[in-house]
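Single-structure report; data block below.
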Amino acid sequence: MFFSYTASVILLSLAMYGMWYCIRDLWKWWLEPRLVSVPSCSFLIVVRNLDYRVEDLLRYLAHEIERAEVDCDIVVVDVSSDDFTAMILERLVGDIPIMKVVMFSEEIRPVSDAIALCRGSIVHVMDLAHRMSIDDFMVAVCGLLRQDYQDVMLKRAAR
């Protein structure tokens, strides 16, 4: 015998433990994501007078959606912009196929009227016109799109 009985038992136990971890990781990586699908989402973004940053923000959001490989769409609501925001948004609609643009006046409630255009089962509302800063938008997009899918699957399976 090459090893003593005690060493053989310890090595066999470690090999079985390693195989169990390998099978568990393969299950989580390959089979479990196929069992539960991640729900689709929509981003409803309200903008006003953001011609200096709106193109960068929306291209960033589209890039992050593409990297995350999630079924998402973008609905942008322009609320009475006095600058070139409307022209920039119209040009971006041709470049970003998952984006829709709606123009509203100040008197209309933009969120309640535009939410019907969102096709996702989850709607993330981001009001850049009144409530949210541009830096907060970038952090929120990263946080929402880079969530761990295991958390989504566990919460959905717990229902």
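Letters A, B, ... go to the chains of the structure tokens in the order shown; residues in each chain start at 1; ligands are counted from 1 in the same order.
Using only C-alpha atoms, the residues found no farther than 9 Å from Ala62 in chain A, other than those of its own chain fewer than 4 positions away, are Leu57, Leu58, Glu66, Arg67, Asp73, Ile74, Ile96, Ile98 and Met99 of chain A.
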Writing out the chosen residues with all heavy atoms as a PDB file, in the first residue's frame:
ATOM      1  N   LEU A  57     -26.102  59.307 -21.455  1.00  0.00           N
ATOM      2  CA  LEU A  57     -26.827  58.500 -20.479  1.00  0.00           C
ATOM      3  C   LEU A  57     -27.595  57.359 -21.138  1.00  0.00           C
ATOM      4  O   LEU A  57     -27.565  56.216 -20.676  1.00  0.00           O
ATOM      5  CB  LEU A  57     -27.794  59.374 -19.686  1.00  0.00           C
ATOM      6  CG  LEU A  57     -27.161  60.405 -18.762  1.00  0.00           C
ATOM      7  CD1 LEU A  57     -28.231  61.292 -18.147  1.00  0.00           C
ATOM      8  CD2 LEU A  57     -26.359  59.725 -17.684  1.00  0.00           C
ATOM      9  N   LEU A  58     -28.278  57.647 -22.234  1.00  0.00           N
ATOM     10  CA  LEU A  58     -29.077  56.614 -22.880  1.00  0.00           C
ATOM     11  C   LEU A  58     -28.212  55.585 -23.597  1.00  0.00           C
ATOM     12  O   LEU A  58     -28.542  54.399 -23.620  1.00  0.00           O
ATOM     13  CB  LEU A  58     -30.080  57.256 -23.833  1.00  0.00           C
ATOM     14  CG  LEU A  58     -31.163  58.069 -23.123  1.00  0.00           C
ATOM     15  CD1 LEU A  58     -32.071  58.751 -24.122  1.00  0.00           C
ATOM     16  CD2 LEU A  58     -31.965  57.192 -22.182  1.00  0.00           C
ATOM     17  N   GLU A  66     -27.410  45.603 -22.901  1.00  0.00           N
ATOM     18  CA  GLU A  66     -26.841  44.618 -23.827  1.00  0.00           C
ATOM     19  C   GLU A  66     -25.847  43.699 -23.110  1.00  0.00           C
ATOM     20  O   GLU A  66     -25.830  42.493 -23.343  1.00  0.00           O
ATOM     21  CB  GLU A  66     -26.152  45.345 -24.975  1.00  0.00           C
ATOM     22  CG  GLU A  66     -25.608  44.436 -26.040  1.00  0.00           C
ATOM     23  CD  GLU A  66     -24.953  45.227 -27.143  1.00  0.00           C
ATOM     24  OE1 GLU A  66     -25.529  46.240 -27.584  1.00  0.00           O
ATOM     25  OE2 GLU A  66     -23.854  44.831 -27.572  1.00  0.00           O
ATOM     26  N   ARG A  67     -25.041  44.267 -22.237  1.00  0.00           N
ATOM     27  CA  ARG A  67     -24.058  43.457 -21.494  1.00  0.00           C
ATOM     28  C   ARG A  67     -24.731  42.513 -20.511  1.00  0.00           C
ATOM     29  O   ARG A  67     -24.263  41.399 -20.289  1.00  0.00           O
ATOM     30  CB  ARG A  67     -23.101  44.363 -20.725  1.00  0.00           C
ATOM     31  CG  ARG A  67     -21.959  44.838 -21.551  1.00  0.00           C
ATOM     32  CD  ARG A  67     -20.986  45.646 -20.773  1.00  0.00           C
ATOM     33  NE  ARG A  67     -20.574  44.989 -19.536  1.00  0.00           N
ATOM     34  CZ  ARG A  67     -19.925  45.591 -18.562  1.00  0.00           C
ATOM     35  NH1 ARG A  67     -19.614  46.861 -18.678  1.00  0.00           N
ATOM     36  NH2 ARG A  67     -19.575  44.953 -17.484  1.00  0.00           N
ATOM     37  N   ASP A  73     -36.642  47.157 -22.142  1.00  0.00           N
ATOM     38  CA  ASP A  73     -36.900  48.230 -23.093  1.00  0.00           C
ATOM     39  C   ASP A  73     -36.780  49.557 -22.355  1.00  0.00           C
ATOM     40  O   ASP A  73     -36.788  49.609 -21.130  1.00  0.00           O
ATOM     41  CB  ASP A  73     -38.262  48.083 -23.775  1.00  0.00           C
ATOM     42  CG  ASP A  73     -39.428  48.261 -22.823  1.00  0.00           C
ATOM     43  OD1 ASP A  73     -39.305  47.857 -21.658  1.00  0.00           O
ATOM     44  OD2 ASP A  73     -40.464  48.792 -23.244  1.00  0.00           O
ATOM     45  N   ILE A  74     -36.630  50.620 -23.135  1.00  0.00           N
ATOM     46  CA  ILE A  74     -36.428  51.961 -22.581  1.00  0.00           C
ATOM     47  C   ILE A  74     -37.528  52.870 -23.123  1.00  0.00           C
ATOM     48  O   ILE A  74     -37.721  52.941 -24.343  1.00  0.00           O
ATOM     49  CB  ILE A  74     -35.055  52.534 -22.984  1.00  0.00           C
ATOM     50  CG1 ILE A  74     -33.925  51.581 -22.591  1.00  0.00           C
ATOM     51  CG2 ILE A  74     -34.848  53.909 -22.375  1.00  0.00           C
ATOM     52  CD1 ILE A  74     -32.589  51.943 -23.197  1.00  0.00           C
ATOM     53  N   ILE A  96     -30.956  53.157 -31.259  1.00  0.00           N
ATOM     54  CA  ILE A  96     -31.232  52.216 -30.173  1.00  0.00           C
ATOM     55  C   ILE A  96     -32.613  51.610 -30.414  1.00  0.00           C
ATOM     56  O   ILE A  96     -33.637  52.257 -30.178  1.00  0.00           O
ATOM     57  CB  ILE A  96     -31.174  52.924 -28.797  1.00  0.00           C
ATOM     58  CG1 ILE A  96     -29.825  53.620 -28.615  1.00  0.00           C
ATOM     59  CG2 ILE A  96     -31.432  51.941 -27.682  1.00  0.00           C
ATOM     60  CD1 ILE A  96     -29.734  54.496 -27.397  1.00  0.00           C
ATOM     61  N   ILE A  98     -34.411  49.388 -28.888  1.00  0.00           N
ATOM     62  CA  ILE A  98     -35.282  49.071 -27.753  1.00  0.00           C
ATOM     63  C   ILE A  98     -35.837  50.328 -27.086  1.00  0.00           C
ATOM     64  O   ILE A  98     -36.487  50.243 -26.051  1.00  0.00           O
ATOM     65  CB  ILE A  98     -34.529  48.216 -26.710  1.00  0.00           C
ATOM     66  CG1 ILE A  98     -33.293  48.948 -26.189  1.00  0.00           C
ATOM     67  CG2 ILE A  98     -34.187  46.862 -27.257  1.00  0.00           C
ATOM     68  CD1 ILE A  98     -32.615  48.258 -25.023  1.00  0.00           C
ATOM     69  N   MET A  99     -35.640  51.489 -27.689  1.00  0.00           N
ATOM     70  CA  MET A  99     -36.029  52.753 -27.066  1.00  0.00           C
ATOM     71  C   MET A  99     -37.248  53.356 -27.758  1.00  0.00           C
ATOM     72  O   MET A  99     -37.364  53.304 -28.980  1.00  0.00           O
ATOM     73  CB  MET A  99     -34.863  53.741 -27.122  1.00  0.00           C
ATOM     74  CG  MET A  99     -35.118  54.996 -26.345  1.00  0.00           C
ATOM     75  SD  MET A  99     -33.651  56.030 -26.205  1.00  0.00           S
ATOM     76  CE  MET A  99     -33.768  56.980 -27.673  1.00  0.00           C
TER      77      MET A  99
END
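The closest residue to Cys41 in chain A, picked from A:Arg59, A:Arg146, A:Arg119, A:His130 and counting only C-alpha atoms, is A:Arg119.
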Can you list every residue in chain A that DSSP puts in helix (DSSP H, G or I), as a ChimeraX atom specification?
-> /A:5-35,54-68,85-95,110-117,134-145,149-157
Close residues, range 103-113 of chain A itself excluded, 9 Å, only C-alpha atoms, min 2 positions apart in chain, as a tab-separated table (two decimals) with C-alpha atoms, in the first residue's frame:
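Okay, this is what ended up in selection.tsv:
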chain	number	residue	atom	x	y	z
A	44	LEU	CA	-39.16	54.73	-17.78
A	45	ILE	CA	-36.91	57.79	-17.84
A	46	VAL	CA	-38.30	61.32	-17.47
A	76	VAL	CA	-38.00	58.13	-22.50
A	77	VAL	CA	-40.45	60.92	-21.66
A	78	ASP	CA	-39.41	64.43	-22.61
A	79	VAL	CA	-41.31	66.95	-20.48
A	80	SER	CA	-41.38	70.32	-22.27
A	81	SER	CA	-37.69	70.68	-23.02
A	86	ALA	CA	-36.12	66.46	-28.33
A	101	VAL	CA	-39.64	58.43	-27.00
A	115	ILE	CA	-46.33	53.63	-18.19
A	116	ALA	CA	-48.70	51.99	-20.67
A	117	LEU	CA	-45.89	51.99	-23.26
A	125	VAL	CA	-39.03	54.85	-13.05
A	127	ASP	CA	-37.10	61.00	-12.98
What separates CA of Ala129 in chain A and CA of Ser40 in chain A is a distance of 25.1 Å
Would you give me, as a ChimeraX atom specification, the residues in chain A that DSSP reads as strand (DSSP E or B)?
-> /A:41-47,72-79,99-104,122-127
Residue contacts of Phe137 in chain A (8 Å, only C-alpha atoms) excluding same-chain residues fewer than 5 positions away, as a list in words | Met126, Leu128 and Met132 of chain A
Could the residues in this selection be saved with N, CA and C atoms as an mmCIF file, in the first residue's frame?
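Contents of out_13.cif, freshly written:
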data_model
loop_
_atom_site.group_PDB
_atom_site.id
_atom_site.type_symbol
_atom_site.label_atom_id
_atom_site.label_comp_id
_atom_site.auth_asym_id
_atom_site.auth_seq_id
_atom_site.Cartn_x
_atom_site.Cartn_y
_atom_site.Cartn_z
ATOM 1 N N MET A 126 -37.268 56.457 -13.457
ATOM 2 C CA MET A 126 -36.154 57.332 -13.113
ATOM 3 C C MET A 126 -36.483 58.734 -13.597
ATOM 4 N N LEU A 128 -35.250 62.083 -14.084
ATOM 5 C CA LEU A 128 -34.087 62.969 -14.180
ATOM 6 C C LEU A 128 -34.491 64.434 -14.283
ATOM 7 N N MET A 132 -33.888 62.999 -9.591
ATOM 8 C CA MET A 132 -32.667 62.195 -9.615
ATOM 9 C C MET A 132 -31.542 62.957 -10.307
#
Calculate how many Å separate CA of Ser4 in chain A from CA of Met19 in chain A, rounding to one decimal.
-> 22.5 Å
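When only C-alpha atoms are used to compute distances to Arg53 in chain A, the closest of the residues A:Leu14, A:Val139, A:Ile88, A:Val70 turns out to be A:Ile88.
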Residue nearest Ser121 in chain A - candidates A:Ala7, A:Val141, A:Ile65, A:Cys72, atoms counted: only C-alpha atoms | A:Cys72
